[in-house]
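Q: Take a look at this one; I'll ask things after.
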Amino acid sequence: MSGTDARTGSGTGAGDRSGTGAGTGAGAGAGTRAGAGSGTGTGAGGGPGAGAAVTRAEYCVVACAEAWRGAGEVLASPMGTVPTIGARLARLTFSPDLLLTDGEALLTADVPAVGAPPRVVEGWLPYRQHLALVTTGRRHVMMGASQIDRYGNQNISCIGDWERPTRQLLGVRGAPVNTLNNPTSYWIPRHSARVFVERVDMVCGVGHDRAAAAGPAATRYHRIPEVVSDLGVFDFETPDRRMRLRSLHPGVTVEQVREATGFALVIPDEVPYTREPTAEELRLVREEIDPKGLRDREVRP
Amino acid sequence: MSRDKTMTADQVVAELRSGMTIGIGGWGSRRKPMALVRALLRSDVTDLTVVSYGGPDVGLLAAAGRIRKLVTAFATLDSIPLEPHFGAARRRGDFELVELDEAMVMWGLTAASHRLPFMPVRAGIASDVMTVNPSLRTVTSPYGDREELVAVPALSMDAALVHLNRADVHGNAQYLGPDPYFDDLFCEAAETAYVSCERIVETAELAKEGGPQSLLLKRAFVSGVVEAPNGAHFTSCVPDHDRDEAFQRHYAEAARDPGAWRAFTERFLSGDEDAYQAAVAAFHEEERA
């Protein structure tokens with residue numbers, strides 16, 4: 001929730017920098033060029049012009065944006081820089097009805113660049129209303145995860161024994177209320193076996209196995225649409241709700257993903273690539289939403 | 001006319017006792033009653049149960065060993081995600097932790113303010129919040145759905161400490177920023193409540209500063225009013241002042257090293273509030289130099 005969605009609010013787990021390690025996503029997408037591209041397009045912060053090759057961060061932005069396709073008139077709550085850019089891209093293109101906040105208590109009618117204040121305010125969403133809004137279900141949050149397992153159980157609280165953790169992280173924040181009430185996706189900027197683990201140390205966000213075991217109160221509104229990392233997109237569209245590799249970002253191999261994951265993923269025979277951004281999407285990301293190239297700080301080029 | 005409830009921060013703390021349950025308003029590193037927390041640090045009040053959406057209030061009290069039990073969903077400095085003193089205290093196992101979801105804390109405060117024993121919520125079911133808090137109980141809906149929900153217990157408190165932008169001497173208090181946080185709930189859920197503010201104004205001035213909905217605290221729920229300009233420092237108290245990011249960075253860096261922390265406490269926390277504010281001003285002079 002910080003120049004991005006600074007609102008660690010209802011939270012989230014934003015901004016946790018843990019879970020470093022492998023899987024930095026070597027190389028920008030395999031020489032892929034976004035079709036068209038105006039050629040020049042000088043980003044203010046010296047970022048690549050609209051004609052430059054699509055970076056890994058930009059594939060991640062598009063993948064995050066896709067999480068909010070068809071979401072309707074709901075609040076998009078992105079935690080982290082890339083999901084924030086993704087939510088704004090979705091709003092400016094295929095999901096114009098999304099509601100967005102300024103990272104504090106205001107709903108913004110316009111879509112400013114990341115870190116810039118809104119020019120037009122369309123609503124008020126202080127924390128008490130934000131927490132209540134979660135329970136209406138009219139929200140799709142994309143949280144961070146210091147650890148996540150094959151069923152989508154997520155941890156942002158602490159590492160090690162809860163009684164006396166080796167590393168104290170944020171705390172559970174709003175992960176329990178989020179996962180039982182509104183669609184909750186996850187964004188993991190550095191895919192590694194330290195994040196994608198066999199078993200999370202504390203279940204903050206509820207995964208499919210735990211929800212099923214707890215019964216109807218847990219499963220009634222439980223939904224984890226997707227997990228986006230710097231290597232690919234993952235979902236739970238399997239018979240037993242185990243995590244599946246849905247798409248690879250161009251330039252990433254199945255083997256890379258397998259090595260950077262601490263449990264056995266479901267990997268279909270044919271794995272598609274994450275889709276290319278359109279020329280207009282690239283222009284919006286590079287010139288309108290993130291002219292300073294903050295996305296590259298979260299996912300290195 | 002209602003009585004004059006103005007006090008000093010030290011007089012507020014003189015009303016507190018070791019072993020009490022204290023609620024602290026604000027959220028993370030936003031509008032925390034830091035002048036009251038600093039006064040608490042100057043006292044010998046300890047063995048506290050603290051209820052807070054945690055920020056540096058939790059960090060400072062934890063570093064000083066004043067917390068026996070903490071009830072929270074997180075502790076953060078917002079622009080710095082992890083509160084270093086909170087993390088260190090947790091690694092040492094310094095206090096008992098009641099780790100609840102953000103919404104569970106809200107409904108626990110609501111239950112206390114409504115004088116109810118609990119509120120039913122869906123949040124918490126199937127998560128390890130239930131595991132690490134074995135005293136949490138569930139209730140089954142008496143209606144046809146028969147859903148099993150968490151009975152979040154009332155978070156009743158002996159005293160609440162909050163910081164707002166304006167107040168009158170009677171305890172009517174006003175926030176002028178974008179978010180009330182949960183300060184009114186904290187005050188209503190506590191036996192006594194103390195509000196510090198950037199400025200005490202005539203009652204008639206309150207409605208001139210903001211609309212009637214900005215009058216967050218009613219005097220019936222406020223026992224004492226403290227004028228404490230910059231009293232949320234270094235947390236934000238917009239529009240009066242933003243978070244002091246440079247000083248917060250200094251705090252967080254010092255908090256990561258015992259020697260640096262001793263120097264920090266010596267420089268900033270060894271005197272009264274005036275001495276603190278003067279030391280902060282001197283810190284910024286040095287930064288500029």
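Quick note on naming: the chains in the structure tokens go A, B, ... in the order shown, residues restart at 1 in each chain, and ligands are numbered from 1 in order of appearance.
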Enumerate, in order of chain and increasing residue number, the residues of chain A with an atom no farther than 6 Å from chain B, each with its shortest atom pair and distance in Å to one decimal, counting only C-alpha atoms, as a Markdown table.
A:
```
| residue | atom | partner | partner_atom | distance |
| --- | --- | --- | --- | --- |
| A:Ser2 | CA | B:Ser79 | CA | 5.9 |
| A:Gly15 | CA | B:Pro81 | CA | 5.8 |
| A:Ala105 | CA | B:Pro178 | CA | 5.8 |
| A:Pro126 | CA | B:Asp179 | CA | 5.0 |
| A:Leu131 | CA | B:Ala103 | CA | 5.9 |
| A:Arg164 | CA | B:Arg91 | CA | 5.2 |
| A:Pro165 | CA | B:Arg91 | CA | 5.3 |
| A:Thr166 | CA | B:Arg91 | CA | 5.9 |
| A:Gln168 | CA | B:Gly87 | CA | 4.9 |
| A:Leu170 | CA | B:Phe74 | CA | 5.5 |
| A:Gly171 | CA | B:Phe74 | CA | 4.3 |
| A:Val172 | CA | B:Ala73 | CA | 5.7 |
| A:Arg173 | CA | B:Ala73 | CA | 4.9 |
| A:Gly174 | CA | B:Glu102 | CA | 5.1 |
| A:Pro176 | CA | B:Gly124 | CA | 5.2 |
| A:Val177 | CA | B:Ala123 | CA | 4.2 |
| A:Met202 | CA | B:Asp128 | CA | 6.0 |
| A:Val203 | CA | B:Asp128 | CA | 4.9 |
| A:Cys204 | CA | B:Ser127 | CA | 5.7 |
| A:Val206 | CA | B:Ser127 | CA | 5.6 |
| A:Arg210 | CA | B:Ala126 | CA | 5.6 |
| A:Ala211 | CA | B:Ala126 | CA | 5.7 |
| A:Ala214 | CA | B:Ala126 | CA | 5.5 |
| A:Ala217 | CA | B:Glu147 | CA | 5.4 |
```
Q: Determine the nearest neighbour of Asp102 of chain A from the options A:Trp162, A:Trp124, A:Trp68, A:Tyr151, counting only C-alpha atoms.
A: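 The shortest atom-to-atom distance to Asp102 of chain A comes from A:Trp124.
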Q: What are the DSSP helix (DSSP H, G or I) residues of segment 136-268 of chain A, as a list in words?
A: Thr136, Ala175, Pro176, Val177, Asn178, Thr179, Leu180, Asn181, His208, Asp209, Arg210, Ala211, Ala212, Ala213, Ala214, Pro216, Ala217, Ala218, Thr219, Val254, Glu255, Gln256, Val257, Arg258 and Glu259 of chain A
Q: Keeping only N, CA, C and O atoms, take the residues you just selected and write them out as a compact mmCIF listing (two decimals), in the first residue's frame.
A:
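Done, and the output landed in part33.txt:
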```
# COMPACT_ATOMS: atom_id res chain seq x y z
N THR A 136 -19.08 -6.76 1.76
CA THR A 136 -20.13 -6.73 0.73
C THR A 136 -19.71 -7.55 -0.49
O THR A 136 -20.53 -7.84 -1.35
N ALA A 175 -5.93 -10.07 5.80
CA ALA A 175 -5.99 -11.27 4.95
C ALA A 175 -7.15 -12.20 5.31
O ALA A 175 -7.82 -12.72 4.42
N PRO A 176 -7.41 -12.44 6.60
CA PRO A 176 -8.55 -13.34 6.90
C PRO A 176 -9.89 -12.79 6.40
O PRO A 176 -10.68 -13.54 5.80
N VAL A 177 -10.15 -11.52 6.64
CA VAL A 177 -11.44 -10.96 6.20
C VAL A 177 -11.51 -10.88 4.69
O VAL A 177 -12.55 -11.15 4.08
N ASN A 178 -10.39 -10.54 4.05
CA ASN A 178 -10.38 -10.48 2.59
C ASN A 178 -10.75 -11.82 1.97
O ASN A 178 -11.63 -11.90 1.11
N THR A 179 -10.04 -12.86 2.37
CA THR A 179 -10.17 -14.13 1.66
C THR A 179 -11.53 -14.78 1.85
O THR A 179 -11.95 -15.57 1.02
N LEU A 180 -12.20 -14.48 2.95
CA LEU A 180 -13.51 -15.10 3.17
C LEU A 180 -14.66 -14.27 2.61
O LEU A 180 -15.81 -14.69 2.66
N ASN A 181 -14.34 -13.06 2.09
CA ASN A 181 -15.42 -12.17 1.71
C ASN A 181 -15.39 -11.63 0.28
O ASN A 181 -16.43 -11.38 -0.30
N HIS A 208 -7.71 -22.98 -0.41
CA HIS A 208 -8.86 -23.83 -0.73
C HIS A 208 -9.05 -25.00 0.23
O HIS A 208 -10.17 -25.33 0.60
N ASP A 209 -7.94 -25.66 0.62
CA ASP A 209 -8.09 -26.83 1.49
C ASP A 209 -8.62 -26.42 2.86
O ASP A 209 -9.51 -27.06 3.43
N ARG A 210 -8.08 -25.34 3.39
CA ARG A 210 -8.51 -24.89 4.72
C ARG A 210 -9.96 -24.42 4.70
O ARG A 210 -10.73 -24.66 5.63
N ALA A 211 -10.34 -23.72 3.63
CA ALA A 211 -11.72 -23.25 3.53
C ALA A 211 -12.69 -24.43 3.47
O ALA A 211 -13.71 -24.46 4.17
N ALA A 212 -12.33 -25.43 2.64
CA ALA A 212 -13.21 -26.59 2.50
C ALA A 212 -13.36 -27.33 3.82
O ALA A 212 -14.46 -27.76 4.19
N ALA A 213 -12.26 -27.44 4.56
CA ALA A 213 -12.32 -28.15 5.84
C ALA A 213 -13.17 -27.40 6.86
O ALA A 213 -13.79 -28.02 7.74
N ALA A 214 -13.21 -26.08 6.74
CA ALA A 214 -13.94 -25.29 7.74
C ALA A 214 -15.43 -25.22 7.46
O ALA A 214 -16.22 -24.93 8.36
N PRO A 216 -19.17 -24.22 5.20
CA PRO A 216 -19.86 -23.23 4.36
C PRO A 216 -19.55 -21.77 4.71
O PRO A 216 -19.48 -20.93 3.82
N ALA A 217 -19.33 -21.45 6.00
CA ALA A 217 -19.05 -20.05 6.34
C ALA A 217 -17.75 -19.61 5.68
O ALA A 217 -17.58 -18.43 5.35
N ALA A 218 -16.82 -20.54 5.50
CA ALA A 218 -15.54 -20.20 4.89
C ALA A 218 -15.61 -20.24 3.37
O ALA A 218 -14.99 -19.44 2.68
N THR A 219 -16.36 -21.18 2.82
CA THR A 219 -16.35 -21.36 1.36
C THR A 219 -17.36 -20.47 0.63
O THR A 219 -17.22 -20.24 -0.56
N VAL A 254 9.21 -23.43 -18.39
CA VAL A 254 8.54 -24.25 -17.38
C VAL A 254 9.55 -24.70 -16.34
O VAL A 254 9.28 -24.71 -15.13
N GLU A 255 10.74 -25.06 -16.80
CA GLU A 255 11.77 -25.55 -15.89
C GLU A 255 12.15 -24.49 -14.86
O GLU A 255 12.32 -24.78 -13.67
N GLN A 256 12.27 -23.26 -15.32
CA GLN A 256 12.58 -22.15 -14.41
C GLN A 256 11.53 -22.03 -13.31
O GLN A 256 11.85 -21.85 -12.14
N VAL A 257 10.27 -22.13 -13.71
CA VAL A 257 9.18 -22.01 -12.75
C VAL A 257 9.23 -23.18 -11.77
O VAL A 257 9.10 -23.01 -10.55
N ARG A 258 9.44 -24.38 -12.31
CA ARG A 258 9.49 -25.57 -11.46
C ARG A 258 10.59 -25.44 -10.41
O ARG A 258 10.38 -25.73 -9.23
N GLU A 259 11.76 -24.97 -10.82
CA GLU A 259 12.89 -24.84 -9.91
C GLU A 259 12.66 -23.79 -8.84
O GLU A 259 13.19 -23.90 -7.73
```
Q: Measure the distance from atom CA of Ser196 of chain B to atom CA of Ala159 of chain B in Å and round it to one decimal.
A: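 That distance, rounded to one decimal, is 13.5 Å.
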